[in-house]
Amino acid sequence: AHRLSFSDSSRSKMSSLGIDINHDESVKAFTATSIKNHCEEIRSLIHSYHPGVNVFFNGTTAVEPKVNFKYQLYEANLVQDLEDLPTVWGGYDKLPIQSKYFLKLGYPITAMSGKFHTAWGEFGGFKHPNALRYEAASMIAWGAHCNFGDQLHPSGEMDLSTYKNIGEAYSYVKKIEEYGVGGLPVARLGIWRSYDKSHDEGLSKMLLEGQVNFDVANHVEELQIFNVIIVPGVACLDDANAKRLNDFVKSGGSLVVMGAGALDLNRTEMVLDVGAVYLGEANFDTDYLLLGDTLKKSLVETPFLNFKPAIRVMAEKDTEVLAKIREPYFSRTYETYSSHQNTPYRLDDADHVGIIRKGNSLYFANELDEMYYHHGARLHRDLFLRGLDLVHSHPMVQTTLPSTGRVSLLHQADAKRYVVHLLFASPIQRGNCEVIEDLVPLYDIPVWVDLPVHVISATLIPEMEELVLEESSYRIQVTVPEFCCHCAIAFYYD
């Protein structure tokens, strides 16, 4: 999983370079550099025979192993294939963050799924046509080309049922692809990618379920294109990037930070100015949040459980405390035992705090992102989204959909249009597979946009019907009368 190489040639070269083969990180760096150099040599060889052809090296865009992103192994590619079998490889919310990341880097991207119920090598396995249609529509919605994999029988005979299934998806793609491919994601909210799967995908999932439009901020030179940047709850910032984010706040931007995301890479001190003083790691195995008046409306008024405790921070003077921490009486062990799962909370507040606000920045001491990825408590998601609303007042697009609804905003400058894509399906967990079966229509869906252009018309895709524009003080509303699985609204400007 770490792609470490201890072959004779690798050991010999590491010895000549003075690399300690007992030090995993040094071997990992050597191996990653060797792979990258090898890919670049192969690409040069291919281009010596076929100049200009696209080259892609399999596996280099996967989140795991971590060397892919740490050492940018994908840089040897001219296009990026985002291999994604959502049924058994982590679900339907991996593609959005991946597509935004690579589109922001300027690459053409292709999303890749399969016709299989599970994964590669499943001869005779089929997804339902509705699942293929949703996956195809989502690829277009996130700005990617479509690719569905098959595995040819040894006889060499094509399985016509496979291509009938895939054909139903592509018949829909044909109607919508020009409104997705070539579009670039835009948002006033950026997330800082940590390259830690549970934190990044947990954060992304909370935003996607709240239909919060976002982009990836890491490789953006001018962070001021964003109003808000979110830093996930893992130490991921070097000194240079911490300074950039602090300068972003000084210039009027807002930060939303969780847990150790505010700490240096060694987790010893605060590097982001969020109004907190670092006291140390947690005292116990869990803790509880007690919300103040600003956040608790329609949530929970009594202390509620955090499966992972917050790091201990004290609020600086003039920093507003929005939630306090209640610690358990003790950690649940064989020696200090309580109940079935966790020890109840103390009746007095801890010395450290849970959520604070300094100016236009917000800090959650708990890692809501990782907890949501592993435990999926709606309360944690809703709390995060409620806090985000305090600082994110002018999103470029808003809508009201169930939590399995998704929204994507793409800009197609050549066509002078912004395109809002809406997706809706409800994946069901069956065994180790995530299955999409029923596509249920939704009616009278409002969509609001606040775009930096003068919108002159809106067209519903694929129906090609013009929608009525209703203008308010700073945003425009249209109403989608009905859609099933997917629709798009093209907002044209002059």
# chains A, B, ... in the order shown; residues from 1 in each chain; ligands from 1
call {"tool": "select_by_dssp", "arguments": {"residues": "segment 171-361 of chain A", "states": "helix (DSSP H, G or I)", "output": "PyMOL selection string"}}
result
chain A and resi 171-179+197-209+223-225+239-250+259-262+293-296
call {"tool": "residues_around", "arguments": {"residues": "Ser403 of chain A", "least_positions_apart": "6", "cutoff": "12 Å", "atoms": "only C-alpha atoms", "output": "compact mmCIF listing (two decimals) with N, CA and C atoms, in the first residue's frame"}}
result
# COMPACT_ATOMS: atom_id res chain seq x y z
N LYS A 205 -18.43 15.49 2.22
CA LYS A 205 -19.76 14.89 2.35
C LYS A 205 -20.72 15.81 3.10
N MET A 206 -20.25 16.48 4.16
CA MET A 206 -21.12 17.42 4.88
C MET A 206 -21.58 18.54 3.96
N LEU A 207 -20.67 19.06 3.15
CA LEU A 207 -21.02 20.14 2.23
C LEU A 207 -21.95 19.65 1.14
N LEU A 208 -21.66 18.49 0.57
CA LEU A 208 -22.50 17.96 -0.50
C LEU A 208 -23.92 17.68 -0.01
N GLU A 209 -24.04 17.15 1.20
CA GLU A 209 -25.38 16.84 1.72
C GLU A 209 -26.16 18.10 2.08
N GLY A 210 -25.45 19.18 2.33
CA GLY A 210 -26.11 20.46 2.57
C GLY A 210 -26.28 21.28 1.31
N GLN A 211 -25.93 20.70 0.15
CA GLN A 211 -25.96 21.39 -1.15
C GLN A 211 -25.18 22.71 -1.10
N VAL A 212 -24.02 22.65 -0.46
CA VAL A 212 -23.14 23.81 -0.38
C VAL A 212 -22.10 23.71 -1.49
N ARG A 378 -26.04 13.01 12.06
CA ARG A 378 -26.63 14.19 11.43
C ARG A 378 -26.40 15.44 12.28
N ARG A 381 -23.17 17.11 11.36
CA ARG A 381 -23.27 17.78 10.06
C ARG A 381 -24.07 19.06 10.16
N ASP A 382 -25.22 18.99 10.80
CA ASP A 382 -26.08 20.17 10.89
C ASP A 382 -25.43 21.28 11.71
N LEU A 423 -28.60 16.90 -8.96
CA LEU A 423 -28.64 15.44 -8.99
C LEU A 423 -29.43 14.95 -7.80
N PHE A 424 -30.18 13.86 -8.00
CA PHE A 424 -30.90 13.27 -6.87
C PHE A 424 -31.11 11.78 -7.09
N ALA A 425 -30.56 11.00 -6.18
CA ALA A 425 -30.82 9.56 -6.09
C ALA A 425 -30.45 9.16 -4.68
N SER A 426 -30.96 8.04 -4.23
CA SER A 426 -30.71 7.60 -2.85
C SER A 426 -30.01 6.24 -2.87
N PRO A 427 -28.68 6.24 -2.79
CA PRO A 427 -27.96 4.97 -2.73
C PRO A 427 -28.36 4.17 -1.49
call {"tool": "closest_residue", "arguments": {"among": "A:Ile456, A:Val249, A:Ala276, A:Leu422", "to": "Leu401 of chain A", "atoms": "only C-alpha atoms"}}
result
A:Leu422
call {"tool": "residues_around", "arguments": {"residues": "Arg312 of chain A", "least_positions_apart": "5", "cutoff": "7 Å", "atoms": "only C-alpha atoms", "output": "PyMOL selection string"}}
result
chain A and resi 278-282+352
call {"tool": "closest_residue", "arguments": {"among": "A:Pro441, A:Pro344, A:Pro309, A:Gly387", "to": "Ala323 of chain A", "atoms": "only C-alpha atoms"}}
result
A:Gly387
call {"tool": "closest_residue", "arguments": {"among": "A:Leu103, A:Cys146, A:Met371, A:Ile356", "to": "His199 of chain A", "atoms": "only C-alpha atoms"}}
result
A:Met371
call {"tool": "closest_atom_pairs", "arguments": {"of": "segment 39-136 of chain A", "to": "segment 215-223 of chain A", "cutoff": "8 Å", "atoms": "only C-alpha atoms", "output": "Markdown table"}}
result
| residue | atom | partner | partner_atom | distance |
| --- | --- | --- | --- | --- |
| A:Ile97 | CA | A:Val216 | CA | 7.5 |
| A:Lys100 | CA | A:Asp215 | CA | 6.1 |
| A:Tyr101 | CA | A:Val216 | CA | 5.7 |
| A:Lys104 | CA | A:Val216 | CA | 7.3 |
| A:Leu105 | CA | A:His219 | CA | 7.1 |
call {"tool": "residues_around", "arguments": {"residues": "Gln477 of chain A", "least_positions_apart": "2", "cutoff": "7 Å", "atoms": "only C-alpha atoms", "output": "PyMOL selection string"}}
result
chain A and resi 446-449+469-471+475+479
call {"tool": "write_last_selection", "arguments": {"atoms": "C-alpha atoms", "output": "PDB file, in the first residue's frame"}}
result
ATOM      1  CA  PRO A 446     -36.137  26.609  -6.162  1.00  0.00           C
ATOM      2  CA  VAL A 447     -32.619  27.523  -7.281  1.00  0.00           C
ATOM      3  CA  TRP A 448     -31.000  30.828  -6.324  1.00  0.00           C
ATOM      4  CA  VAL A 449     -27.852  32.182  -7.959  1.00  0.00           C
ATOM      5  CA  LEU A 469     -36.112  34.800 -13.760  1.00  0.00           C
ATOM      6  CA  GLU A 470     -37.243  36.270 -10.446  1.00  0.00           C
ATOM      7  CA  GLU A 471     -34.862  38.944  -9.162  1.00  0.00           C
ATOM      8  CA  ARG A 475     -29.689  37.120  -6.321  1.00  0.00           C
ATOM      9  CA  THR A 479     -38.007  27.231 -10.150  1.00  0.00           C
TER      10      THR A 479
END
call {"tool": "residues_around", "arguments": {"residues": "Val468 of chain A", "least_positions_apart": "4", "cutoff": "10 Å", "atoms": "only C-alpha atoms", "output": "PyMOL selection string"}}
result
chain A and resi 457-459+476-480
call {"tool": "closest_residue", "arguments": {"among": "A:His486, A:Arg133, A:His153, A:Lys308", "to": "Asp369 of chain A", "atoms": "only C-alpha atoms"}}
result
A:Lys308
call {"tool": "residues_around", "arguments": {"residues": "Ala415 of chain A", "least_positions_apart": "6", "cutoff": "10 Å", "atoms": "only C-alpha atoms", "output": "list in words"}}
result
Tyr179, Gly183, Ala490, Tyr492 and Tyr493 of chain A
call {"tool": "residues_around", "arguments": {"residues": "Leu263 of chain A", "least_positions_apart": "6", "cutoff": "10 Å", "atoms": "only C-alpha atoms", "output": "NGL selection string"}}
result
:A and (233-238 or 242 or 269-272 or 278)
call {"tool": "write_last_selection", "arguments": {"atoms": "C-alpha atoms", "output": "tab-separated table (two decimals), in the first residue's frame"}}
result
chain	number	residue	atom	x	y	z
A	233	GLY	CA	-9.37	18.84	11.23
A	234	VAL	CA	-5.89	17.41	10.64
A	235	ALA	CA	-2.51	19.17	10.85
A	236	CYS	CA	-1.78	19.83	7.17
A	237	LEU	CA	-0.31	23.33	6.84
A	238	ASP	CA	3.34	24.24	6.47
A	242	ALA	CA	-0.42	29.05	7.19
A	269	GLU	CA	1.41	25.20	18.45
A	270	MET	CA	-1.30	27.21	16.72
A	271	VAL	CA	-0.33	28.49	13.28
A	272	LEU	CA	-3.73	29.92	12.30
A	278	TYR	CA	-3.32	25.61	22.35
call {"tool": "closest_residue", "arguments": {"among": "A:Leu409, A:Met464, A:Val256, A:Ala488", "to": "Leu184 of chain A", "atoms": "only C-alpha atoms"}}
result
A:Leu409
